[in-house]
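Read through the structure below, which is laid out as structure tokens, and then see the notes.
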Amino acid sequence: MGESRGSIAFFATYRPPMPLDIFSVPNPPSSIRDEVHLTDGVSYNYNCRPIPKDALKSLLKRPKLVAEGGATDADVDSGRVSGLLFVSERDGGLETLRVALRFDDSGGKQTCKVFSLADVFGAADFTGARLEDSGCIGGGYKMGSRSVDHSLIYVSTKEPVEERRSPWTVVYKTNLRTGKTERLTPKGQFDLSPAVSPSGKKVAMATFRPEGWEGEIEDLQTDIFVMNVERPPMRKRLIKNGGWPSWASDDVIFFHRKVGDTWGVFRHDTRTNETVRVTPEAFDAVTPAAISETKVAVATIRQKSKFTDVRVEAQYRHIEIFDTAAGAGQPPLQITQKTRPKTDHFNPFVLDDGGRVGYHRARSDLLKHGDDVPRNFHKMESPVKDVGTFRVSGVFPTISNDGSKLAFVDNEFKAVWVADSQGLRVVYETKGPDNIFAPMWNQNPDKDILYVCMGPSFNAGKPLEICAIPNVSSGTRQRRQLTKGKFNNAFPSSSPDGSRFVFRSTRDGGDKKHKNLYIAEDAEVGEYSGGTVTRLTNGEWTDTHCQWSPRGDWIVFSSTRDKPKDAPELDNGLDSGYYAVFMVKVSDPTVVIRVVQSGDDLGGHVNHPVFSPDGRSIAMTADLAAVSADPISLPLFIHSVRPYGDIFVVDIDPDDARKNKDVKKFHRVTHSRYEYSTPAWTMFATDDPNAQWNMLVNKDSYTPACPYAYPDGGESWHMTGHLCIPRRCC
């Protein structure tokens, strides 16, 4: 059937505009010339760990590696061949593990061959939409007279979870010799960031607490549990409130924890049950990689930065080595400050018994000073039958009803771009960032009208107006304001015939800026020239993210109307939370149906709902699968105004509204450590010849101005919650 129900477009929050890749330097380095690139440079690559020599010898006996690797045990012993495990996004946009074989010939030339886990072990356990992370090697020791095989230990989200707002992250092990896979995480529990002790016997992981995930998007407050590789049901809590474990020996483990406003790295000795802080309280330190019982490599941010800062060296994330055995006052060894002082470096790992330190960073060194940052459209692997998916490197994608035009705003919220038969170009541009967002086509393609929101985003106290850009394809770059009154008006969506549009507004919201839905009865003039506005919903809550159904009988929207009276005003200090998806009947606004709630307690976020073109499904961005990675390990340190999550789909009955109340079953579309948001669903497939924008998928790119790359490979831009604005802190 292919993509017979069309395709869903969305954009990624927090994903850096330049690819991430993996490097190492000697300990200590002397200059930028010491940095060595460790992968083949394809796609985004990160979260690397080395494969021990004995495990690599076992892995090289797998048929695929025998056929294509051609390496022997002698090659491993001599150092001519080494192995790495890392995450890559080269397979349909999925964030999955790869095995890399690095070959170093006698002349010093280095080459790299990269294999998927399906290549190595077969597709049975490594297929379909999923996220894989934190690959490491366990086993390889004697248990009495028996030798325990080496195993790959890793996280995967491949098993669906029915409970809402529950993580899907489970730790598995795959035997390197037999290829057999088994689950290590007990049923009903969920883990992140597994780490294996040097003996190969113990596995530590960051475990979500019994009460589950409660909406945290920075400090997950996991506990560290330890189990034996061969006896997974027998596990115990080692550390309360800790994450990202790293073994120094079978008795000493490092981890990170947030205390007050600062992240620190700690050392725990199981022999004495003593825990001490290794890094100072004065600055943030995260993602430890143990070198010995006293030495640990960490990522530090020595000085916090503000939104408007032009960052100095201390405000970048750098790799440093701390030694608990050093005398008082002895400074840590700075590693990446000596190579790329104005570049962020992430998630260190140790090579050659501490002789080298690895990390990943953005490939901003590929840009020359003043170059634009390339952006691409990427077709993604879709788990939903008959529906394609693709990621747009722009924000708020919207596709015209006839499939001929795709529009979006750039990551600075400064300009509107359109892709159609004429190519890719700017059709409207404002004077500065954070001035325009949420474009939406009028559903009547003959009108060639694009609606936009003009003004600052995510600020209910500031005026925000809805405008129309008429004759978009002509490139006249004109606009016509449709709302007035200095209210906060946003998220317009036209009726199928294009004669009216629905939007949300604070106009009757009082001091607390409550938002309700309204309909402009004449889409051509809005509130001007005698145009009228009809109130559709009424209450002291937030109704937002509205879209008219293909038939014109319902409007879907996101709302906090079921938020309990005693709930905190803000969810984790960000926004009101408690968003759910509702539908209101256009002809009788008293008929309102809750279609999707977030969790059993209604908490959380289910936002930006959109109908499928046939009206049989609703796509949305939601936190139904919690988080899939330790957020503080990601390339951002400040999070968005509103957390998003992943893209999900629920099926509805367009003919019987009663069946659409509190739909239980949902389909997870994306599996990501980033946040995927603001979906748009078109009837056209990504390879449909009638959809001219699809020529950009996986091929062409657009390059919005972001000329903030330093000649040494540093960067001063950052993907913020919704913008690519220079000088935002990480």
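The chains in the structure tokens are called A, B, ... from first to last as shown; in each chain the residues are counted from 1, and the ligands are counted from 1 in the order shown.
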Hey, what does DSSP flag as strand (DSSP E or B) within region 262-349 of chain A? Can you give it to me as JSON, numbers by chain? {"A": [262, 263, 264, 265, 266, 267, 268, 269, 274, 275, 276, 277, 284, 285, 286, 287, 288, 289, 290, 295, 296, 297, 298, 299, 300, 301, 318, 319, 320, 321, 322, 323, 333, 334, 346, 347, 348, 349]}
Please identify all polymer residues within 8 Å of region 460-463 of chain A, counting only C-alpha atoms, omitting same-chain residues fewer than 6 positions from it, and present them as a PyMOL selection string. chain A and resi 486-489+506+513
Atomic separation - CA of Gly358 (chain A) relative to CA of Ile321 (chain A), Å: 12.0 Å
Any idea what's packed within 8 Å of region 79-93 of chain A, counting only C-alpha atoms, ignoring anything in its chain fewer than 4 positions away? Could you give it as number ranges by chain? A: 42-53, 56, 71, 75, 97-105, 132-136, 378-381
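Residues in contact with region 575-582 of chain A at up to 7 Å, not including ones fewer than 3 positions away on its chain and judged by only C-alpha atoms, are Val556, Phe557, Ser558, Ser559, Thr560, Lys563, Glu569, Leu570, Asp571, Val592, Ile593, Arg594, Val595, Val596, Gln597, Ser598, Leu602, Gly603, Gly604, His605, Val606, Asn607, Pro609, Val641 and Arg642 of chain A.
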So which residues touch region 192-201 of chain A within 8 Å, counting only C-alpha atoms, skipping near sequence neighbours fewer than 4 positions away, as a PyMOL selection string? chain A and resi 133-141+153-155+169-171+205-207+228-230+243-250+628-630
Please identify all polymer residues within 8 Å of Pro470 (chain A), counting only C-alpha atoms, omitting same-chain residues fewer than 4 positions from it, and present them as a PyMOL selection string. chain A and resi 447-450+478-480
Give me the residues within 10 Å of region 175-180 of chain A as a PyMOL selection string, counting only C-alpha atoms and dropping any in the same chain fewer than 6 places off. chain A and resi 55-62+120-122+124-125+137-139+148-153
Only N, CA and C atoms, please: the residues just picked out, written as a tab-separated table (two decimals), in the first residue's frame.
```
chain	number	residue	atom	x	y	z
A	55	ALA	N	36.45	-8.82	23.29
A	55	ALA	CA	35.09	-8.79	22.75
A	55	ALA	C	35.12	-8.56	21.24
A	56	LEU	N	36.04	-7.73	20.79
A	56	LEU	CA	36.14	-7.47	19.36
A	56	LEU	C	36.52	-8.73	18.60
A	57	LYS	N	37.39	-9.55	19.16
A	57	LYS	CA	37.75	-10.82	18.52
A	57	LYS	C	36.52	-11.71	18.35
A	58	SER	N	35.67	-11.74	19.36
A	58	SER	CA	34.43	-12.53	19.27
A	58	SER	C	33.51	-11.94	18.22
A	59	LEU	N	33.40	-10.63	18.19
A	59	LEU	CA	32.51	-9.96	17.26
A	59	LEU	C	32.96	-10.18	15.81
A	60	LEU	N	34.27	-10.24	15.60
A	60	LEU	CA	34.80	-10.40	14.24
A	60	LEU	C	34.49	-11.77	13.65
A	61	LYS	N	34.01	-12.69	14.47
A	61	LYS	CA	33.63	-14.02	13.97
A	61	LYS	C	32.20	-14.05	13.44
A	62	ARG	N	31.45	-12.96	13.61
A	62	ARG	CA	30.10	-12.89	13.04
A	62	ARG	C	30.22	-12.89	11.51
A	120	VAL	N	25.13	-7.17	11.78
A	120	VAL	CA	25.97	-8.05	12.60
A	120	VAL	C	25.20	-9.24	13.14
A	121	PHE	N	23.98	-9.01	13.64
A	121	PHE	CA	23.25	-10.06	14.35
A	121	PHE	C	21.99	-10.55	13.64
A	122	GLY	N	21.63	-9.94	12.52
A	122	GLY	CA	20.37	-10.29	11.85
A	122	GLY	C	19.27	-9.33	12.25
A	124	ALA	N	16.11	-9.84	13.14
A	124	ALA	CA	15.01	-10.27	14.02
A	124	ALA	C	14.82	-9.34	15.21
A	125	ASP	N	15.91	-8.93	15.85
A	125	ASP	CA	15.82	-8.07	17.03
A	125	ASP	C	16.19	-6.62	16.75
A	137	ILE	N	29.98	-3.26	26.43
A	137	ILE	CA	30.25	-4.70	26.37
A	137	ILE	C	30.34	-5.28	27.78
A	138	GLY	N	29.61	-6.39	28.00
A	138	GLY	CA	29.67	-7.12	29.25
A	138	GLY	C	30.11	-8.56	29.01
A	139	GLY	N	30.24	-9.32	30.10
A	139	GLY	CA	30.67	-10.71	29.99
A	139	GLY	C	32.16	-10.83	29.77
A	148	VAL	N	31.83	-17.12	30.45
A	148	VAL	CA	30.67	-16.31	30.11
A	148	VAL	C	30.96	-15.53	28.83
A	149	ASP	N	30.11	-15.71	27.82
A	149	ASP	CA	30.32	-15.03	26.55
A	149	ASP	C	30.24	-13.52	26.71
A	150	HIS	N	30.93	-12.84	25.81
A	150	HIS	CA	30.75	-11.39	25.74
A	150	HIS	C	29.36	-11.07	25.21
A	151	SER	N	28.79	-9.99	25.70
A	151	SER	CA	27.47	-9.54	25.25
A	151	SER	C	27.49	-8.04	25.02
A	152	LEU	N	26.68	-7.63	24.07
A	152	LEU	CA	26.42	-6.21	23.86
A	152	LEU	C	25.29	-5.80	24.79
A	153	ILE	N	25.53	-4.79	25.62
A	153	ILE	CA	24.52	-4.25	26.53
A	153	ILE	C	24.10	-2.90	25.99
```
From a backbone DSSP assignment, name each residue in region 110-303 of chain A labelled helix (DSSP H, G or I), as a ChimeraX atom specification. /A:117-121
With only C-alpha atoms as the basis for distance, which of A:Gly264, A:Pro280, A:Gly70, A:Gly355 is at the shortest distance from Gly329 (chain A)?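 Checking each of A:Gly264, A:Pro280, A:Gly70, A:Gly355 against Gly329 (chain A), counting only C-alpha atoms, the winner is A:Pro280.
Between CA of Val426 (chain A) and CA of Ala438 (chain A) lies a distance of 15.2 Å.
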Work out how far apart CA of Glu527 (chain A) and CA of Ser495 (chain A) are and give it in Å to one decimal. 16.6 Å
